[in-house]
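For reference, the structure is listed below as structure tokens.
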Amino acid sequence: MNHEVNEDGGGAWSGWRAATERALYGPGGFYLRPEGPAGHFRTSVHASPLFAQAVARLLEQVAGELGGGEVAFVDMGAGRGELVTGVLAALPTGFPVRAYAVERAARPPGLDGRIAWVAEPPSGVRGLLFANEWLDNVPVDVAEADPDGVPREVLVRPDGTERLGAPVSGEDARWLERWWPLREPGARAEVGRARDEAWAAAVSTLSAGLAVAVDYGHVASARRGKHPRPGILSPMTETTVGIGGAAESTDMVLNIGPQHPSTHGVLRLRIVLDGERIQHAEPVVGYMHRGAEKLFEARDYRQIVMLANRHDWLSAFSNELGVVMAVERMLGMEVPERAVWTRTLLAELNRALNHLMFLGSYPLELGGITPIFHAFREREELQHVMEEVSGGRMHYMFNRVGGLKEDLPLGWLGRVRDAVAAANSRMDVYDRLVLGNEIFRGRTRGVGVLSQEAVHAYGVSGPIARGSGVDFDLRRDEPYLAYGELQDTLRVVTRTEGDCLARFEVLLEQTHNSLELAAACLDRLAELPPGPINQRLPKVLKAPEGHTYAWTENPLGINGYYLVSKGEKTPYRLKLRSASYNNIQALTELLPGTLVADMVAILGSLFFVVGDIDK
């Protein structure tokens, strides 16, 4: 927190107090930022442990600045005492604090006995004076319609009981009649001083310490009550008030994208900036209304492979796998061994192709153009053998229920071996050219750190999760295809740093390992005797009634396919869990607190395909 010394020598706390009073009266919502620009807490979640912990830390700072001794925590408009209870629970054992809950209502049952329940703030407060919801509950006068319909003041005795006092008169009576008429006996309304006046009076009780009011502001001309005069507040106004030095700035809401609705996919980021620092980030998805899951219901089991193929266009073969495996599981079908090993080979080649795209494009987004030329050279060699076997460069459509479309071309395995060996021999260029570049490391190390807790909370998977130390890979932990026999070759790469650099390193090492797995599959295929590559299927393929779930370790993370069948030739329901959709949600956790200059580095390190987000 910033310190300020008044001209009168009153010290930091009187400076903060004066700055707080000057800053409070402005339109819009206020935010408490107890830990500087890197973190702020919306008080609309005031009862949460997170917010209570933030206020407790602020109170500890106040106590430290005041030189120790007992301090007070005064919660203005305490409601039911949730916040003051949470703050007491978050403070260290034995912390010298006296807690006050200022509220007009009677003391709620079961409240912590350490909390003094008072109707007015105590005088001579030394510590932290706190008004949550920006004075929304600061004690002002309350009026109640008596049985005759006359508005009377509500008086609260020291023991918390209430009684009706004198009739409301003058300006308050006119206010009630116009803005909040009490038509029913027992109805209540808040009257008396305007909220800014009530807060100024509360601040005057502070002898030493800090006064903080947060969220839901009213301008000085607004009256009290939950229905301010029309036109007083603008819901589009967002204002940040910094505690200390009267720092005051208006937040900027910036839209990143969408670029053009007819591109292959668009992502919009709505970010709120304080200067050049991101305060809030919201990924806005859904610009591609693909309707793939609904279309699954109108296509038969042969046709739905095409729909899944196009969802993540960099992982087309892997997308096909999940669908055909789900159908094969429903049918109880065994796939020929040559098909199993060939599928595994093609899946790893597809994984390498996917990763090479990001290994080349990510440095490009940070200003390095050379790596993408190397990446596309390797991609072309691998793409050539994929095109030879399937006929497609992007959408292979080579998987079929029961195996693969057709047998492998003569001599194809040898050409794949040459392509894999050539790509493998040149992969060290990324270690030298990218990871050895001090500018790249400076732009990515320590930037966009994603914690393991956030990974689990958002359902992040794949290289991004493993970059944060989450050691989970379906190929090892729930083997499918031939991965159960490849455990000696399969390496699950993890890092613990969780930053952009860690995610790139995981992706690079996984590419190395995918090429090693492809070579192992080639060795195994060379040993297998001739045999079928697929199963013969009936002209009309129907899955039996029931449901199943198949999931695969796609290049970008876990893809899941929940298939429900009613015994027809089309799925009754096929729910798709796509990796990119979950992974991109982590931006709400990664971007706040970072600089705009780091946004592209963080965004690119999530390695997502926009088509895999919009379903």
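Naming scheme: A, B, ... for chains in displayed order of the structure tokens; residues 1 onward per chain; ligands 1 onward as shown.
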Thr344 in chain A: which residues within 9 Å, counting only C-alpha atoms, same-chain residues fewer than 6 positions away excluded, as JSON, numbers by chain?
{"A": [481, 482, 483, 517, 518, 521]}
Contacts of range 366-371 of chain A at 9 Å or less, counting only C-alpha atoms, minus same-chain residues fewer than 3 places along, as a ChimeraX atom specification?
/A:359-363,374-376,429-430,433-434,440,443,600-601,604
Could you write out that same residue set with all heavy atoms as a compact mmCIF listing (two decimals), in the first residue's frame?
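Saved to result.txt:
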# COMPACT_ATOMS: atom_id res chain seq x y z
N LEU A 359 4.38 -25.12 -31.95
CA LEU A 359 5.80 -24.87 -31.73
C LEU A 359 6.34 -23.81 -32.68
O LEU A 359 7.28 -23.08 -32.35
CB LEU A 359 6.61 -26.16 -31.89
CG LEU A 359 6.41 -27.23 -30.82
CD1 LEU A 359 7.17 -28.49 -31.18
CD2 LEU A 359 6.83 -26.72 -29.45
N GLY A 360 5.72 -23.72 -33.86
CA GLY A 360 6.14 -22.69 -34.81
C GLY A 360 5.38 -21.40 -34.67
O GLY A 360 5.97 -20.31 -34.77
N SER A 361 4.08 -21.48 -34.39
CA SER A 361 3.27 -20.26 -34.36
C SER A 361 3.42 -19.48 -33.06
O SER A 361 3.28 -18.25 -33.05
CB SER A 361 1.79 -20.60 -34.59
OG SER A 361 1.30 -21.41 -33.53
N TYR A 362 3.70 -20.18 -31.94
CA TYR A 362 3.80 -19.46 -30.67
C TYR A 362 4.98 -18.47 -30.66
O TYR A 362 4.80 -17.31 -30.30
CB TYR A 362 3.90 -20.45 -29.52
CG TYR A 362 3.90 -19.79 -28.16
CD1 TYR A 362 2.98 -18.80 -27.83
CD2 TYR A 362 4.83 -20.14 -27.18
CE1 TYR A 362 2.97 -18.19 -26.58
CE2 TYR A 362 4.83 -19.54 -25.93
CZ TYR A 362 3.91 -18.57 -25.64
OH TYR A 362 3.91 -17.95 -24.41
N PRO A 363 6.19 -18.89 -31.07
CA PRO A 363 7.26 -17.87 -31.17
C PRO A 363 6.92 -16.76 -32.16
O PRO A 363 7.32 -15.60 -31.96
CB PRO A 363 8.46 -18.69 -31.65
CG PRO A 363 8.18 -20.09 -31.20
CD PRO A 363 6.70 -20.24 -31.32
N HIS A 374 10.83 -23.76 -39.86
CA HIS A 374 11.29 -25.09 -39.48
C HIS A 374 10.10 -26.00 -39.16
O HIS A 374 10.08 -27.18 -39.56
CB HIS A 374 12.20 -24.99 -38.26
CG HIS A 374 13.51 -24.32 -38.54
ND1 HIS A 374 14.59 -24.98 -39.08
CD2 HIS A 374 13.91 -23.04 -38.36
CE1 HIS A 374 15.60 -24.15 -39.21
NE2 HIS A 374 15.22 -22.96 -38.78
N ALA A 375 9.12 -25.47 -38.45
CA ALA A 375 7.97 -26.28 -38.07
C ALA A 375 7.22 -26.78 -39.29
O ALA A 375 6.81 -27.95 -39.36
CB ALA A 375 7.04 -25.49 -37.15
N PHE A 376 7.06 -25.92 -40.29
CA PHE A 376 6.30 -26.33 -41.47
C PHE A 376 7.10 -27.27 -42.36
O PHE A 376 6.52 -28.07 -43.09
CB PHE A 376 5.82 -25.10 -42.24
CG PHE A 376 4.45 -24.67 -41.82
CD1 PHE A 376 4.25 -23.97 -40.66
CD2 PHE A 376 3.35 -25.01 -42.59
CE1 PHE A 376 2.98 -23.59 -40.26
CE2 PHE A 376 2.07 -24.63 -42.20
CZ PHE A 376 1.88 -23.93 -41.04
N VAL A 429 16.41 -28.21 -33.22
CA VAL A 429 16.46 -26.80 -33.62
C VAL A 429 15.62 -25.95 -32.67
O VAL A 429 15.94 -24.79 -32.40
CB VAL A 429 15.99 -26.64 -35.08
CG1 VAL A 429 14.49 -26.89 -35.21
CG2 VAL A 429 16.30 -25.23 -35.59
N TYR A 430 14.54 -26.53 -32.12
CA TYR A 430 13.69 -25.75 -31.21
C TYR A 430 14.38 -25.56 -29.86
O TYR A 430 14.20 -24.53 -29.21
CB TYR A 430 12.34 -26.46 -31.05
CG TYR A 430 11.60 -26.57 -32.36
CD1 TYR A 430 11.66 -27.75 -33.10
CD2 TYR A 430 10.89 -25.50 -32.88
CE1 TYR A 430 11.01 -27.85 -34.32
CE2 TYR A 430 10.25 -25.60 -34.10
CZ TYR A 430 10.31 -26.77 -34.81
OH TYR A 430 9.68 -26.87 -36.02
N LEU A 433 17.08 -22.85 -31.02
CA LEU A 433 16.58 -21.60 -31.61
C LEU A 433 15.55 -20.91 -30.72
O LEU A 433 15.54 -19.67 -30.64
CB LEU A 433 15.97 -21.90 -32.98
CG LEU A 433 15.50 -20.70 -33.81
CD1 LEU A 433 16.69 -19.84 -34.19
CD2 LEU A 433 14.79 -21.18 -35.07
N VAL A 434 14.71 -21.68 -30.05
CA VAL A 434 13.63 -21.08 -29.26
C VAL A 434 13.98 -21.08 -27.78
O VAL A 434 14.08 -20.03 -27.15
CB VAL A 434 12.30 -21.81 -29.51
CG1 VAL A 434 11.18 -21.13 -28.73
CG2 VAL A 434 11.96 -21.82 -31.00
N PHE A 440 12.88 -14.92 -25.86
CA PHE A 440 11.73 -15.81 -25.69
C PHE A 440 11.57 -16.20 -24.23
O PHE A 440 10.47 -16.18 -23.68
CB PHE A 440 11.91 -17.05 -26.57
CG PHE A 440 10.79 -18.05 -26.43
CD1 PHE A 440 9.61 -17.90 -27.16
CD2 PHE A 440 10.90 -19.14 -25.58
CE1 PHE A 440 8.57 -18.81 -27.03
CE2 PHE A 440 9.87 -20.05 -25.44
CZ PHE A 440 8.70 -19.89 -26.17
N ARG A 443 10.19 -13.37 -22.17
CA ARG A 443 8.77 -13.09 -22.39
C ARG A 443 7.85 -14.15 -21.79
O ARG A 443 6.64 -13.92 -21.65
CB ARG A 443 8.48 -13.00 -23.90
CG ARG A 443 9.04 -11.80 -24.61
CD ARG A 443 8.33 -10.51 -24.22
NE ARG A 443 6.90 -10.57 -24.38
CZ ARG A 443 6.27 -10.34 -25.54
NH1 ARG A 443 6.95 -10.05 -26.63
NH2 ARG A 443 4.96 -10.38 -25.60
N VAL A 600 -0.73 -11.60 -25.06
CA VAL A 600 -0.54 -12.47 -26.22
C VAL A 600 0.30 -13.69 -25.85
O VAL A 600 0.02 -14.80 -26.29
CB VAL A 600 0.13 -11.68 -27.37
CG1 VAL A 600 0.49 -12.60 -28.51
CG2 VAL A 600 -0.80 -10.59 -27.86
N ALA A 601 1.31 -13.49 -25.00
CA ALA A 601 2.14 -14.62 -24.56
C ALA A 601 1.30 -15.64 -23.81
O ALA A 601 1.45 -16.85 -24.00
CB ALA A 601 3.29 -14.12 -23.70
N GLY A 604 -1.41 -17.31 -26.30
CA GLY A 604 -0.81 -18.28 -27.22
C GLY A 604 -0.35 -19.54 -26.53
O GLY A 604 -0.32 -20.62 -27.14
Tell me which protein, DNA and RNA residues are within 7 Å of range 271-282 of chain A, counting only C-alpha atoms, leaving out same-chain ones fewer than 6 positions away, and put them as a PyMOL selection string.
chain A and resi 251-255+587-588+591-596
Can I get the selected residues back with N, CA and C atoms, as a tab-separated table (two decimals), in the first residue's frame?
chain	number	residue	atom	x	y	z
A	251	ASP	N	-11.56	2.76	-15.26
A	251	ASP	CA	-11.18	1.53	-15.94
A	251	ASP	C	-11.58	1.58	-17.41
A	252	MET	N	-10.78	0.95	-18.24
A	252	MET	CA	-11.08	0.85	-19.66
A	252	MET	C	-11.53	-0.56	-19.97
A	253	VAL	N	-12.65	-0.70	-20.63
A	253	VAL	CA	-13.13	-2.00	-21.09
A	253	VAL	C	-12.72	-2.16	-22.54
A	254	LEU	N	-11.90	-3.17	-22.81
A	254	LEU	CA	-11.31	-3.36	-24.13
A	254	LEU	C	-11.73	-4.71	-24.69
A	255	ASN	N	-12.19	-4.72	-25.91
A	255	ASN	CA	-12.56	-5.95	-26.58
A	255	ASN	C	-11.42	-6.39	-27.50
A	587	LEU	N	-8.40	-18.57	-18.81
A	587	LEU	CA	-7.98	-17.18	-19.03
A	587	LEU	C	-8.53	-16.24	-17.97
A	588	THR	N	-9.70	-16.55	-17.42
A	588	THR	CA	-10.25	-15.71	-16.36
A	588	THR	C	-9.38	-15.75	-15.12
A	591	LEU	N	-5.25	-14.10	-16.72
A	591	LEU	CA	-5.02	-12.74	-17.21
A	591	LEU	C	-5.10	-11.65	-16.13
A	592	PRO	N	-6.05	-11.71	-15.17
A	592	PRO	CA	-6.12	-10.62	-14.18
A	592	PRO	C	-4.80	-10.46	-13.42
A	593	GLY	N	-4.36	-9.20	-13.33
A	593	GLY	CA	-3.12	-8.89	-12.64
A	593	GLY	C	-1.92	-8.82	-13.54
A	594	THR	N	-2.06	-9.24	-14.82
A	594	THR	CA	-0.93	-9.22	-15.74
A	594	THR	C	-1.00	-7.97	-16.62
A	595	LEU	N	0.09	-7.69	-17.30
A	595	LEU	CA	0.15	-6.54	-18.20
A	595	LEU	C	-0.43	-6.90	-19.56
A	596	VAL	N	-0.93	-5.88	-20.26
A	596	VAL	CA	-1.47	-6.11	-21.61
A	596	VAL	C	-0.39	-6.69	-22.51
So how far away is CA of Leu603 in chain A from CA of Arg503 in chain A, in Å?
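Going from CA of Arg503 in chain A over to CA of Leu603 in chain A covers 11.6 Å.
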Which residues are close to range 568-583 of chain A, i.e. within 8 Å by only C-alpha atoms, leaving aside same-chain residues fewer than 2 positions away? Reply as a PyMOL selection string.
chain A and resi 293-294+296-301+458-462+464+540-545+554+556-566+585-586+606+608-610+612-614
Dump N, CA and C atoms for the selected residues as a short mmCIF file (atom, residue, chain, number, x, y, z; two decimals), in the first residue's frame?
data_model
loop_
_atom_site.label_atom_id
_atom_site.label_comp_id
_atom_site.auth_asym_id
_atom_site.auth_seq_id
_atom_site.Cartn_x
_atom_site.Cartn_y
_atom_site.Cartn_z
N GLU A 293 -23.21 -31.27 -31.92
CA GLU A 293 -23.85 -32.27 -31.09
C GLU A 293 -25.28 -32.56 -31.57
N LYS A 294 -25.97 -31.53 -32.06
CA LYS A 294 -27.32 -31.75 -32.59
C LYS A 294 -27.27 -32.48 -33.92
N PHE A 296 -25.10 -34.67 -34.73
CA PHE A 296 -24.83 -36.08 -34.47
C PHE A 296 -26.13 -36.89 -34.46
N GLU A 297 -27.20 -36.29 -34.00
CA GLU A 297 -28.47 -37.00 -33.85
C GLU A 297 -29.16 -37.24 -35.20
N ALA A 298 -28.69 -36.56 -36.24
CA ALA A 298 -29.34 -36.68 -37.55
C ALA A 298 -28.45 -37.39 -38.57
N ARG A 299 -27.34 -37.97 -38.12
CA ARG A 299 -26.43 -38.71 -39.01
C ARG A 299 -26.25 -40.12 -38.47
N ASP A 300 -26.04 -41.06 -39.37
CA ASP A 300 -25.84 -42.43 -38.89
C ASP A 300 -24.41 -42.60 -38.40
N TYR A 301 -24.09 -43.80 -37.90
CA TYR A 301 -22.83 -44.02 -37.22
C TYR A 301 -21.63 -43.95 -38.15
N TYR A 458 -10.97 -25.68 -13.25
CA TYR A 458 -11.49 -25.37 -14.58
C TYR A 458 -11.51 -26.59 -15.51
N GLY A 459 -11.05 -27.74 -15.04
CA GLY A 459 -11.04 -28.92 -15.89
C GLY A 459 -10.02 -28.84 -17.00
N VAL A 460 -8.92 -28.13 -16.76
CA VAL A 460 -7.86 -28.00 -17.76
C VAL A 460 -7.15 -29.35 -17.88
N SER A 461 -6.74 -29.70 -19.10
CA SER A 461 -6.08 -30.97 -19.32
C SER A 461 -5.02 -30.83 -20.38
N GLY A 462 -4.32 -31.93 -20.67
CA GLY A 462 -3.32 -31.94 -21.72
C GLY A 462 -2.03 -31.25 -21.33
N ILE A 464 -1.21 -28.21 -21.09
CA ILE A 464 -1.35 -27.05 -20.20
C ILE A 464 -1.40 -27.52 -18.75
N VAL A 540 -26.69 -51.54 -42.76
CA VAL A 540 -27.23 -50.54 -41.83
C VAL A 540 -26.69 -50.88 -40.45
N LEU A 541 -25.90 -49.98 -39.92
CA LEU A 541 -25.25 -50.21 -38.63
C LEU A 541 -26.08 -49.58 -37.52
N LYS A 542 -26.49 -50.39 -36.56
CA LYS A 542 -27.26 -49.89 -35.42
C LYS A 542 -26.55 -50.29 -34.13
N ALA A 543 -26.40 -49.33 -33.23
CA ALA A 543 -25.83 -49.62 -31.91
C ALA A 543 -26.95 -50.07 -30.99
N PRO A 544 -26.70 -51.04 -30.13
CA PRO A 544 -27.76 -51.51 -29.21
C PRO A 544 -28.16 -50.41 -28.24
N GLU A 545 -29.34 -50.53 -27.67
CA GLU A 545 -29.83 -49.54 -26.73
C GLU A 545 -28.94 -49.51 -25.49
N ASN A 554 -6.34 -36.45 -26.45
CA ASN A 554 -6.12 -35.73 -27.70
C ASN A 554 -4.88 -34.85 -27.57
N LEU A 556 -4.50 -31.72 -27.60
CA LEU A 556 -4.69 -30.52 -26.78
C LEU A 556 -5.27 -30.82 -25.41
N GLY A 557 -5.55 -32.08 -25.12
CA GLY A 557 -6.13 -32.42 -23.82
C GLY A 557 -7.12 -33.55 -23.96
N ILE A 558 -7.96 -33.69 -22.96
CA ILE A 558 -8.89 -34.81 -22.91
C ILE A 558 -10.14 -34.50 -23.72
N ASN A 559 -10.48 -35.38 -24.65
CA ASN A 559 -11.76 -35.34 -25.35
C ASN A 559 -12.63 -36.47 -24.83
N GLY A 560 -13.87 -36.17 -24.56
CA GLY A 560 -14.80 -37.17 -24.07
C GLY A 560 -16.03 -37.27 -24.95
N TYR A 561 -16.56 -38.47 -25.09
CA TYR A 561 -17.72 -38.71 -25.96
C TYR A 561 -18.73 -39.55 -25.18
N TYR A 562 -19.85 -38.93 -24.83
CA TYR A 562 -20.91 -39.65 -24.13
C TYR A 562 -21.99 -40.00 -25.14
N LEU A 563 -22.11 -41.29 -25.44
CA LEU A 563 -23.01 -41.76 -26.49
C LEU A 563 -24.21 -42.46 -25.86
N VAL A 564 -25.40 -42.02 -26.27
CA VAL A 564 -26.64 -42.65 -25.84
C VAL A 564 -27.34 -43.19 -27.08
N SER A 565 -27.73 -44.46 -27.05
CA SER A 565 -28.38 -45.09 -28.19
C SER A 565 -29.75 -45.62 -27.79
N LYS A 566 -30.71 -45.49 -28.71
CA LYS A 566 -32.03 -46.09 -28.54
C LYS A 566 -32.21 -47.29 -29.47
N GLN A 585 -11.17 -21.47 -20.57
CA GLN A 585 -11.80 -20.83 -19.42
C GLN A 585 -10.77 -20.37 -18.40
N ALA A 586 -9.59 -20.98 -18.42
CA ALA A 586 -8.55 -20.61 -17.46
C ALA A 586 -8.05 -19.19 -17.68
N LEU A 606 -1.86 -21.26 -24.40
CA LEU A 606 -2.94 -22.20 -24.10
C LEU A 606 -3.19 -23.16 -25.26
N PHE A 608 -4.88 -23.53 -28.14
CA PHE A 608 -6.25 -23.96 -28.39
C PHE A 608 -6.62 -23.78 -29.85
N VAL A 609 -7.63 -24.49 -30.27
CA VAL A 609 -8.22 -24.33 -31.60
C VAL A 609 -9.63 -23.80 -31.39
N VAL A 610 -9.94 -22.67 -32.02
CA VAL A 610 -11.22 -22.01 -31.75
C VAL A 610 -12.39 -22.90 -32.12
N ASP A 612 -12.66 -25.92 -31.66
CA ASP A 612 -12.87 -26.89 -30.59
C ASP A 612 -13.55 -26.26 -29.39
N ILE A 613 -13.68 -24.93 -29.39
CA ILE A 613 -14.36 -24.23 -28.29
C ILE A 613 -15.85 -24.13 -28.57
N ASP A 614 -16.18 -23.74 -29.78
CA ASP A 614 -17.59 -23.50 -30.13
C ASP A 614 -18.23 -24.80 -30.59
#
Among range 53-93 of chain A, which residues carry a DSSP assignment of alpha helix (DSSP H), reported as a count of residues only?
22
Ranking A:Val389, A:Glu184, A:His384, A:Glu438 by minimum distance to Asp148 in chain A and counting only C-alpha atoms, which one comes first?
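Nearest candidate to Asp148 in chain A out of A:Val389, A:Glu184, A:His384, A:Glu438: A:Glu184.
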Show which residues sit within 9 Å of Ser468 in chain A, as a list of chain:residue names. Count only C-alpha atoms, and ignore same-chain residues fewer than 3 positions away.
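Selected residues are A:Val449, A:Leu450, A:Ser451, A:Gln452, A:Val455, A:Pro463, A:Ile464, A:Ala465, A:Asp471, A:Thr494, A:Arg495, A:Thr496, A:Glu497, A:Gly498, A:Asp499, A:Ala502, A:Arg503.
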What would the file look like if the residues just selected were written as a PDB file, in the first residue's frame with C-alpha atoms?
ATOM      1  CA  VAL A 449       1.355 -18.929 -13.954  1.00  0.00           C
ATOM      2  CA  LEU A 450      -1.528 -21.408 -13.659  1.00  0.00           C
ATOM      3  CA  SER A 451      -1.794 -23.202 -10.323  1.00  0.00           C
ATOM      4  CA  GLN A 452      -2.711 -26.856  -9.902  1.00  0.00           C
ATOM      5  CA  VAL A 455      -6.235 -26.622 -13.333  1.00  0.00           C
ATOM      6  CA  PRO A 463       0.013 -30.104 -22.044  1.00  0.00           C
ATOM      7  CA  ILE A 464      -1.352 -27.053 -20.199  1.00  0.00           C
ATOM      8  CA  ALA A 465      -2.273 -29.086 -17.122  1.00  0.00           C
ATOM      9  CA  ASP A 471       0.707 -35.692 -13.825  1.00  0.00           C
ATOM     10  CA  THR A 494       5.450 -32.457 -16.626  1.00  0.00           C
ATOM     11  CA  ARG A 495       6.737 -29.180 -15.260  1.00  0.00           C
ATOM     12  CA  THR A 496       5.986 -27.547 -11.929  1.00  0.00           C
ATOM     13  CA  GLU A 497       6.392 -23.859 -12.811  1.00  0.00           C
ATOM     14  CA  GLY A 498       3.001 -23.532 -14.526  1.00  0.00           C
ATOM     15  CA  ASP A 499       4.105 -20.548 -16.643  1.00  0.00           C
ATOM     16  CA  ALA A 502       6.727 -24.557 -18.881  1.00  0.00           C
ATOM     17  CA  ARG A 503       3.777 -25.142 -21.207  1.00  0.00           C
TER      18      ARG A 503
END
Quick one: pick out all strand (DSSP E) residues within range 373-579 of chain A from a backbone DSSP run and write them as a CSV table (one decimal) with N, CA and C atoms, in the first residue's frame.
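states-v3.csv written:
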chain,number,residue,atom,x,y,z
A,399,ASN,N,-10.6,-43.3,-40.2
A,399,ASN,CA,-11.2,-44.2,-39.2
A,399,ASN,C,-12.6,-44.7,-39.6
A,400,ARG,N,-12.9,-45.9,-39.3
A,400,ARG,CA,-14.2,-46.5,-39.5
A,400,ARG,C,-14.5,-47.3,-38.3
A,403,GLY,N,-12.4,-50.4,-37.4
A,403,GLY,CA,-11.0,-50.4,-37.9
A,403,GLY,C,-10.7,-49.2,-38.7
A,404,LEU,N,-10.1,-49.4,-39.9
A,404,LEU,CA,-9.7,-48.3,-40.8
A,404,LEU,C,-10.3,-48.4,-42.1
A,546,GLY,N,-28.6,-48.3,-25.0
A,546,GLY,CA,-27.8,-48.2,-23.9
A,546,GLY,C,-26.9,-46.9,-24.0
A,547,HIS,N,-25.9,-46.8,-23.2
A,547,HIS,CA,-25.1,-45.6,-23.2
A,547,HIS,C,-23.7,-46.0,-22.8
A,548,THR,N,-22.7,-45.2,-23.2
A,548,THR,CA,-21.3,-45.4,-22.9
A,548,THR,C,-20.5,-44.1,-23.0
A,549,TYR,N,-19.4,-44.1,-22.4
A,549,TYR,CA,-18.5,-42.9,-22.4
A,549,TYR,C,-17.1,-43.4,-22.8
A,550,ALA,N,-16.6,-42.7,-23.8
A,550,ALA,CA,-15.2,-43.0,-24.3
A,550,ALA,C,-14.4,-41.7,-24.2
A,551,TRP,N,-13.2,-41.8,-23.7
A,551,TRP,CA,-12.4,-40.6,-23.7
A,551,TRP,C,-11.0,-40.9,-24.2
A,552,THR,N,-10.4,-39.9,-24.8
A,552,THR,CA,-9.0,-40.1,-25.4
A,552,THR,C,-8.1,-38.9,-25.0
A,553,GLU,N,-6.8,-39.2,-25.0
A,553,GLU,CA,-5.8,-38.1,-24.8
A,553,GLU,C,-5.5,-37.5,-26.1
A,554,ASN,N,-6.3,-36.5,-26.5
A,554,ASN,CA,-6.1,-35.7,-27.7
A,554,ASN,C,-4.9,-34.9,-27.6
A,557,GLY,N,-5.6,-32.1,-25.1
A,557,GLY,CA,-6.1,-32.4,-23.8
A,557,GLY,C,-7.1,-33.5,-24.0
A,558,ILE,N,-8.0,-33.7,-23.0
A,558,ILE,CA,-8.9,-34.8,-22.9
A,558,ILE,C,-10.1,-34.5,-23.7
A,559,ASN,N,-10.5,-35.4,-24.7
A,559,ASN,CA,-11.8,-35.3,-25.4
A,559,ASN,C,-12.6,-36.5,-24.8
A,560,GLY,N,-13.9,-36.2,-24.6
A,560,GLY,CA,-14.8,-37.2,-24.1
A,560,GLY,C,-16.0,-37.3,-24.9
A,561,TYR,N,-16.6,-38.5,-25.1
A,561,TYR,CA,-17.7,-38.7,-26.0
A,561,TYR,C,-18.7,-39.6,-25.2
A,562,TYR,N,-19.8,-38.9,-24.8
A,562,TYR,CA,-20.9,-39.7,-24.1
A,562,TYR,C,-22.0,-40.0,-25.1
A,563,LEU,N,-22.1,-41.3,-25.4
A,563,LEU,CA,-23.0,-41.8,-26.5
A,563,LEU,C,-24.2,-42.5,-25.9
A,564,VAL,N,-25.4,-42.0,-26.3
A,564,VAL,CA,-26.6,-42.7,-25.8
A,564,VAL,C,-27.3,-43.2,-27.1
A,565,SER,N,-27.7,-44.5,-27.0
A,565,SER,CA,-28.4,-45.1,-28.2
A,565,SER,C,-29.8,-45.6,-27.8
A,573,ARG,N,-28.2,-39.4,-28.6
A,573,ARG,CA,-27.5,-38.2,-28.0
A,573,ARG,C,-26.0,-38.5,-28.0
A,574,LEU,N,-25.2,-37.6,-28.4
A,574,LEU,CA,-23.7,-37.7,-28.4
A,574,LEU,C,-23.2,-36.4,-27.8
A,575,LYS,N,-22.8,-36.4,-26.6
A,575,LYS,CA,-22.3,-35.2,-25.9
A,575,LYS,C,-20.7,-35.2,-26.1
A,576,LEU,N,-20.2,-34.1,-26.6
A,576,LEU,CA,-18.8,-34.0,-26.8
A,576,LEU,C,-18.2,-33.1,-25.7
A,577,ARG,N,-17.1,-33.6,-25.1
A,577,ARG,CA,-16.3,-32.8,-24.2
A,577,ARG,C,-15.0,-32.5,-24.9
